[in-house]
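> Below is the file work.cif, which contains mmCIF, C-alpha atoms.
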```cif
data_coords
#
loop_
_atom_site.group_PDB
_atom_site.id
_atom_site.type_symbol
_atom_site.label_atom_id
_atom_site.label_comp_id
_atom_site.auth_asym_id
_atom_site.auth_seq_id
_atom_site.Cartn_x
_atom_site.Cartn_y
_atom_site.Cartn_z
ATOM 1 C CA MET A 150 -16.145 14.366 -2.794
ATOM 2 C CA SER A 151 -17.865 16.239 -0.001
ATOM 3 C CA ASP A 152 -15.771 17.234 3.016
ATOM 4 C CA ARG A 153 -18.723 16.168 5.129
ATOM 5 C CA ALA A 154 -18.399 12.516 4.222
ATOM 6 C CA THR A 155 -19.049 10.283 7.221
ATOM 7 C CA PRO A 156 -15.779 8.689 8.410
ATOM 8 C CA TYR A 157 -15.720 4.989 7.613
ATOM 9 C CA ASN A 158 -16.003 2.720 10.644
ATOM 10 C CA SER A 159 -14.347 -0.544 9.577
ATOM 11 C CA LYS A 160 -15.188 -2.330 12.822
ATOM 12 C CA SER A 161 -18.932 -1.934 12.268
ATOM 13 C CA ASP A 162 -18.905 -3.150 8.664
ATOM 14 C CA PRO A 163 -19.508 -6.898 8.199
ATOM 15 C CA SER A 164 -17.200 -6.853 5.181
ATOM 16 C CA TYR A 165 -14.381 -5.866 7.527
ATOM 17 C CA GLU A 166 -14.605 -9.315 9.061
ATOM 18 C CA GLN A 167 -14.172 -10.806 5.601
ATOM 19 C CA GLY A 168 -10.799 -9.084 5.446
ATOM 20 C CA SER A 169 -9.794 -10.743 8.708
ATOM 21 C CA LEU A 170 -10.433 -14.385 7.826
ATOM 22 C CA PHE A 171 -6.819 -15.321 8.457
ATOM 23 C CA SER A 172 -6.180 -17.499 11.480
ATOM 24 C CA GLU A 173 -3.985 -16.315 14.312
ATOM 25 C CA GLY A 174 -1.525 -19.014 13.271
ATOM 26 C CA ILE A 175 -1.132 -17.492 9.823
ATOM 27 C CA GLN A 176 -0.786 -14.041 11.338
ATOM 28 C CA ARG A 177 1.902 -15.206 13.754
ATOM 29 C CA ASN A 178 3.803 -16.957 10.971
ATOM 30 C CA SER A 179 3.807 -13.718 8.943
ATOM 31 C CA ARG A 180 6.019 -12.071 11.578
ATOM 32 C CA LEU A 181 9.208 -13.168 9.824
ATOM 33 C CA TYR A 182 11.674 -10.834 11.471
ATOM 34 C CA ASP A 183 11.904 -9.019 14.772
ATOM 35 C CA SER A 184 11.586 -5.240 14.533
ATOM 36 C CA GLY A 185 14.815 -3.406 15.197
ATOM 37 C CA VAL A 186 17.088 -6.234 14.065
ATOM 38 C CA SER A 187 19.787 -4.721 11.855
ATOM 39 C CA TYR A 188 21.385 -6.987 9.253
ATOM 40 C CA GLU A 189 21.559 -7.388 5.514
ATOM 41 C CA MET A 190 19.118 -9.952 4.184
ATOM 42 C CA GLY A 191 20.495 -12.708 2.035
ATOM 43 C CA SER A 192 19.005 -13.450 -1.357
ATOM 44 C CA GLN A 193 16.863 -16.338 -0.120
ATOM 45 C CA SER A 194 15.686 -14.370 2.937
ATOM 46 C CA LEU A 195 14.672 -11.441 0.747
ATOM 47 C CA GLN A 196 12.683 -13.671 -1.571
ATOM 48 C CA THR A 197 11.024 -15.472 1.353
ATOM 49 C CA TRP A 198 10.112 -12.092 2.894
ATOM 50 C CA LYS A 199 8.500 -10.904 -0.348
ATOM 51 C CA GLN A 200 6.722 -14.187 -0.993
ATOM 52 C CA ALA A 201 5.110 -14.156 2.463
ATOM 53 C CA ILE A 202 3.805 -10.610 1.962
ATOM 54 C CA ALA A 203 2.629 -11.355 -1.595
ATOM 55 C CA LYS A 204 0.788 -14.459 -0.399
ATOM 56 C CA TYR A 205 -1.031 -12.493 2.302
ATOM 57 C CA GLN A 206 -1.920 -9.581 0.018
ATOM 58 C CA ASN A 207 -3.022 -11.875 -2.802
ATOM 59 C CA SER A 208 -5.438 -13.530 -0.368
ATOM 60 C CA ILE A 209 -6.870 -10.084 0.391
ATOM 61 C CA SER A 210 -7.033 -9.214 -3.309
ATOM 62 C CA THR A 211 -9.049 -12.297 -4.209
ATOM 63 C CA MET A 212 -11.784 -11.202 -1.770
ATOM 64 C CA ILE A 213 -12.447 -8.051 -3.817
ATOM 65 C CA PRO A 214 -14.810 -8.554 -6.808
ATOM 66 C CA THR A 215 -13.140 -8.097 -10.187
ATOM 67 C CA PHE A 216 -16.055 -5.952 -11.367
ATOM 68 C CA GLN A 217 -16.160 -2.543 -9.712
ATOM 69 C CA THR A 218 -18.873 0.063 -10.153
ATOM 70 C CA SER A 219 -17.842 3.058 -12.204
ATOM 71 C CA LEU A 220 -17.001 6.105 -10.127
ATOM 72 C CA PHE A 221 -19.535 8.033 -12.201
ATOM 73 C CA ASP A 222 -22.264 5.783 -10.781
ATOM 74 C CA LEU A 223 -21.278 6.345 -7.168
ATOM 75 C CA PRO A 224 -22.722 8.951 -4.812
ATOM 76 C CA SER A 225 -20.391 11.893 -4.253
ATOM 77 C CA ASN A 226 -19.616 10.886 -0.651
ATOM 78 C CA HIS A 227 -18.837 7.242 -1.463
ATOM 79 C CA CYS A 228 -15.441 5.862 -0.491
ATOM 80 C CA ASP A 229 -15.541 2.209 0.515
ATOM 81 C CA PRO A 230 -12.033 0.979 1.428
ATOM 82 C CA HIS A 231 -13.075 -2.606 0.747
ATOM 83 C CA SER A 232 -13.773 -1.789 -2.913
ATOM 84 C CA ILE A 233 -10.224 -0.499 -3.446
ATOM 85 C CA ASN A 234 -7.724 -2.905 -4.983
ATOM 86 C CA PRO A 235 -4.338 -1.156 -5.358
ATOM 87 C CA PHE A 236 -3.157 -3.799 -7.850
ATOM 88 C CA ARG A 237 -5.991 -3.104 -10.309
ATOM 89 C CA LEU A 238 -5.561 0.667 -10.523
ATOM 90 C CA PRO A 239 -3.776 2.327 -13.471
ATOM 91 C CA ILE A 240 0.004 2.168 -13.053
ATOM 92 C CA GLN A 241 2.175 5.279 -12.926
ATOM 93 C CA PRO A 242 5.997 5.445 -12.839
ATOM 94 C CA ALA A 243 7.560 5.768 -9.392
ATOM 95 C CA GLU A 244 9.231 9.021 -10.539
ATOM 96 C CA PHE A 245 5.881 10.588 -11.490
ATOM 97 C CA TYR A 246 6.604 13.569 -9.221
ATOM 98 C CA ARG A 247 9.415 14.680 -11.531
ATOM 99 C CA LEU A 248 6.992 15.305 -14.377
ATOM 100 C CA PRO A 249 5.958 18.934 -15.037
ATOM 101 C CA SER A 250 2.776 20.010 -13.253
ATOM 102 C CA ASP A 251 0.726 23.172 -13.443
ATOM 103 C CA ASP A 252 -0.647 22.877 -9.910
ATOM 104 C CA ALA A 253 -0.188 21.070 -6.588
ATOM 105 C CA GLY A 254 -2.453 18.223 -7.648
ATOM 106 C CA ASP A 255 -5.469 16.603 -6.016
ATOM 107 C CA ALA A 256 -6.385 14.664 -2.892
ATOM 108 C CA CYS A 257 -5.734 10.943 -3.200
ATOM 109 C CA VAL A 258 -4.570 7.781 -1.538
ATOM 110 C CA TYR A 259 -1.495 6.369 -3.260
ATOM 111 C CA PHE A 260 0.187 2.969 -3.289
ATOM 112 C CA VAL A 261 3.837 2.029 -3.866
ATOM 113 C CA ILE A 262 4.070 -1.408 -5.489
ATOM 114 C CA ASP A 263 6.803 -3.756 -6.648
ATOM 115 C CA VAL A 264 4.950 -5.299 -9.589
ATOM 116 C CA GLY A 265 7.105 -8.446 -9.716
ATOM 117 C CA PHE A 266 6.715 -10.968 -12.511
ATOM 118 C CA THR A 267 3.082 -11.926 -11.917
ATOM 119 C CA THR A 268 0.060 -10.616 -10.054
ATOM 120 C CA GLN A 269 0.706 -13.241 -7.372
ATOM 121 C CA SER A 270 4.292 -12.017 -6.826
ATOM 122 C CA SER A 271 3.516 -8.283 -6.723
ATOM 123 C CA VAL A 272 3.996 -6.628 -3.343
ATOM 124 C CA LEU A 273 2.256 -3.515 -2.027
ATOM 125 C CA LEU A 274 5.057 -1.821 -0.101
ATOM 126 C CA TYR A 275 3.500 1.426 1.114
ATOM 127 C CA VAL A 276 0.158 3.221 1.443
ATOM 128 C CA GLY A 277 0.023 7.014 1.766
ATOM 129 C CA GLU A 278 -2.362 9.930 1.463
ATOM 130 C CA THR A 279 -2.043 13.522 0.357
ATOM 131 C CA CYS A 280 -4.058 16.546 -0.658
ATOM 132 C CA ARG A 281 -1.304 17.591 -3.109
ATOM 133 C CA SER A 282 -0.606 14.646 -5.396
ATOM 134 C CA SER A 283 1.904 16.571 -7.529
ATOM 135 C CA GLN A 284 3.932 17.836 -4.568
ATOM 136 C CA ARG A 285 3.927 15.151 -1.844
ATOM 137 C CA TRP A 286 6.967 13.224 -3.069
ATOM 138 C CA LYS A 287 9.106 16.141 -4.222
ATOM 139 C CA GLY A 288 10.528 16.769 -0.763
ATOM 140 C CA LEU A 289 11.800 14.465 1.972
ATOM 141 C CA HIS A 290 9.888 11.252 2.457
ATOM 142 C CA ASP A 291 10.960 8.281 4.596
ATOM 143 C CA CYS A 292 9.521 5.842 2.070
ATOM 144 C CA LYS A 293 11.949 7.114 -0.582
ATOM 145 C CA ARG A 294 14.825 6.040 1.693
ATOM 146 C CA TYR A 295 13.272 2.610 2.276
ATOM 147 C CA LEU A 296 12.864 2.187 -1.479
ATOM 148 C CA LEU A 297 16.501 3.116 -2.079
ATOM 149 C CA ASN A 298 17.623 0.448 0.410
ATOM 150 C CA TYR A 299 15.162 -2.023 -1.131
ATOM 151 C CA ARG A 300 16.411 -1.432 -4.660
ATOM 152 C CA GLU A 301 20.073 -1.573 -3.612
ATOM 153 C CA LEU A 302 19.559 -4.951 -1.935
ATOM 154 C CA HIS A 303 17.928 -6.316 -5.090
ATOM 155 C CA ILE A 304 20.901 -5.082 -7.124
ATOM 156 C CA THR A 305 23.306 -6.683 -4.623
ATOM 157 C CA HIS A 306 21.608 -10.050 -5.073
ATOM 158 C CA ASP A 307 21.022 -9.577 -8.824
ATOM 159 C CA LEU A 308 17.258 -9.829 -8.362
ATOM 160 C CA PRO A 309 14.816 -7.901 -10.600
ATOM 161 C CA THR A 310 12.454 -5.310 -9.168
ATOM 162 C CA GLN A 311 10.127 -2.724 -10.728
ATOM 163 C CA ILE A 312 8.618 -0.054 -8.496
ATOM 164 C CA VAL A 313 5.422 1.664 -9.677
ATOM 165 C CA MET A 314 2.665 3.699 -8.082
ATOM 166 C CA THR A 315 -1.115 3.617 -8.300
ATOM 167 C CA PHE A 316 -3.644 6.208 -7.133
ATOM 168 C CA TRP A 317 -7.185 6.209 -5.747
ATOM 169 C CA TRP A 318 -8.692 9.547 -6.749
ATOM 170 C CA ASP A 319 -12.029 9.109 -4.988
ATOM 171 C CA ALA A 320 -10.413 10.028 -1.672
ATOM 172 C CA PRO A 321 -12.027 12.619 0.658
ATOM 173 C CA LYS A 322 -10.758 16.157 0.304
ATOM 174 C CA ALA A 323 -11.053 16.684 4.067
ATOM 175 C CA THR A 324 -7.875 15.607 5.864
ATOM 176 C CA ARG A 325 -9.308 13.556 8.716
ATOM 177 C CA PRO A 326 -11.595 11.286 6.645
ATOM 178 C CA ARG A 327 -8.787 10.783 4.129
ATOM 179 C CA GLN A 328 -6.369 9.785 6.891
ATOM 180 C CA GLN A 329 -8.968 7.379 8.286
ATOM 181 C CA LEU A 330 -9.275 5.779 4.846
ATOM 182 C CA GLU A 331 -5.488 5.510 4.651
ATOM 183 C CA ARG A 332 -5.302 3.856 8.095
ATOM 184 C CA ILE A 333 -7.912 1.230 7.178
ATOM 185 C CA LEU A 334 -6.030 0.370 3.979
ATOM 186 C CA ILE A 335 -2.697 0.143 5.823
ATOM 187 C CA GLU A 336 -4.188 -2.229 8.374
ATOM 188 C CA LYS A 337 -5.980 -4.279 5.727
ATOM 189 C CA TRP A 338 -3.090 -4.780 3.282
ATOM 190 C CA ARG A 339 -0.261 -4.810 5.862
ATOM 191 C CA SER A 340 2.079 -2.831 3.624
ATOM 192 C CA PRO A 341 5.575 -3.448 5.081
ATOM 193 C CA PHE A 342 6.995 0.074 4.699
ATOM 194 C CA ASN A 343 4.225 1.592 6.841
ATOM 195 C CA LYS A 344 5.361 1.668 10.469
ATOM 196 C CA GLU A 345 1.971 0.350 11.598
ATOM 197 C CA ASN A 346 2.976 -3.025 10.116
ATOM 198 C CA TRP A 347 6.593 -3.286 11.207
ATOM 199 C CA ASN A 348 5.633 -5.760 13.924
ATOM 200 C CA PHE A 349 4.466 -8.164 11.200
ATOM 201 C CA TRP A 350 7.304 -7.903 8.694
ATOM 202 C CA GLY A 351 10.219 -6.364 10.585
ATOM 203 C CA THR A 352 12.275 -3.380 9.433
ATOM 204 C CA PRO A 353 14.973 -4.689 7.065
ATOM 205 C CA PHE A 354 14.944 -1.519 4.916
ATOM 206 C CA VAL A 355 14.269 1.205 7.483
ATOM 207 C CA ASN A 356 17.818 1.963 8.630
#
```
Show me, as structure tokens, the structure contained in the file I just sent.

Amino acid sequence: MSDRATPYNSKSDPSYEQGSLFSEGIQRNSRLYDSGVSYEMGSQSLQTWKQAIAKYQNSISTMIPTFQTSLFDLPSNHCDPHSINPFRLPIQPAEFYRLPSDDAGDACVYFVIDVGFTTQSSVLLYVGETCRSSQRWKGLHDCKRYLLNYRELHITHDLPTQIVMTFWWDAPKATRPRQQLERILIEKWRSPFNKENWNFWGTPFVN
């Protein structure tokens, strides 16, 4: 992808409005917990938290056409955030970064997902970007701590969870456009581990 790709302006795209069809009432009801409140979620609270996020994200997912144009048919500067469905990308193990790699990897936007039992119960937990796909997660990363807390709580309540990752490889190589793409996707999907969305879902796994 060309580094000169024009940054995507979500506010000027009519399809952006299609991603915002949720009433203010629904948005207010999605704010289940106050940010900064420190307590251990009970089993029912955890399941309610996940179900609310899954319901919202599934509504977003159904707006994206199942058929997507092949990347080989797209112009080299194409990167439409509204064509990206994290749940339909090839799945990789969450520990992918431990696999041997000959180089630092490529630019991408990546998604951390709890796949759940069904598509409707899967939850997109985190959206990130990097120019070094093979190196980004080998060091310190706040999301790794959130995931540890998340997994431990599921074990405490004897609830199943399966964390995987998916990748969008058509991301801009230039840092600023790639970060703009990441920001649009974070705002659109309201991934709970991204701090931009803590006001919606609270911070039960941050501490």
> I need the output of the PyMOL selection byres ((chain A and resi 191) around 12) for this file as a ChimeraX atom specification; which residues are they?
/A:188-190,192-198,302-308,353
> Using 6 Å as the limit and counting only C-alpha atoms, can you tabulate each residue of segment 257-313 of chain A that touches segment 320-341 of chain A, with its shortest atom-to-atom distance in Å and the two atoms involved, as a tab-separated table?

```
residue	atom	partner	partner_atom	distance
A:Cys257	CA	A:Ala320	CA	5.0
A:Leu273	CA	A:Ser340	CA	5.7
A:Leu274	CA	A:Ser340	CA	4.9
A:Tyr275	CA	A:Ser340	CA	5.1
```
> When you draw a straight line from atom CA of Thr279 of chain A to atom CA of Ser232 of chain A, how long is it in Å?
19.6 Å
> Could you pull the residues within 10 Å of Arg294 of chain A, counting only C-alpha atoms, minus those fewer than 4 positions along the same chain, as a list in words?
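After dropping sequence-adjacent residues, the list is Leu289, His290, Asn298, Tyr299, Arg300, Phe354, Val355 and Asn356 of chain A.
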> Let me know the centre plus edge lengths, in Å and rounded to one decimal, of a box with edges along x, y and z that contains all listed atoms of segment 252-266 of chain A and is padded by 8 Å on every side, as lines of an AutoDock Vina configuration file.

```
center_x = 0.4
center_y = 6.0
center_z = -7.0
size_x = 29.5
size_y = 49.8
size_z = 27.0
```
> Find the distance between atom CA of Tyr295 of chain A and atom CA of Thr211 of chain A and write it in Å to one decimal.
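Separation between atom CA of Tyr295 of chain A and atom CA of Thr211 of chain A: 27.6 Å.
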> Mind pulling up the distance from atom CA of Ile209 of chain A to atom CA of Lys293 of chain A?
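Going from atom CA of Lys293 of chain A over to atom CA of Ile209 of chain A covers 25.5 Å.
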> Give me the result of the PyMOL selection byres ((chain A and resi 312-316) around 8) on this file, residue by residue, as number ranges by chain.
A: 235-236, 238-243, 257-264, 310-311, 317-318
> Residues within 9 Å of Phe266 of chain A, please, as a ChimeraX atom specification. Count all atoms listed in the file; anything in the same chain fewer than 4 positions from it doesn't count.
/A:270-271,309-310
> Using all atoms listed in the file, can you tell me which of A:Asp319, A:Ala256, A:Tyr205, A:Gln200 comes closest to Pro230 of chain A?
A:Asp319
> Calculated over all atoms listed in the file, which of the candidates A:Phe342, A:Val276, A:Thr352, A:Glu244 has the smallest distance to Asp291 of chain A?
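Ranking A:Phe342, A:Val276, A:Thr352, A:Glu244 by distance to Asp291 of chain A, first place goes to A:Phe342.
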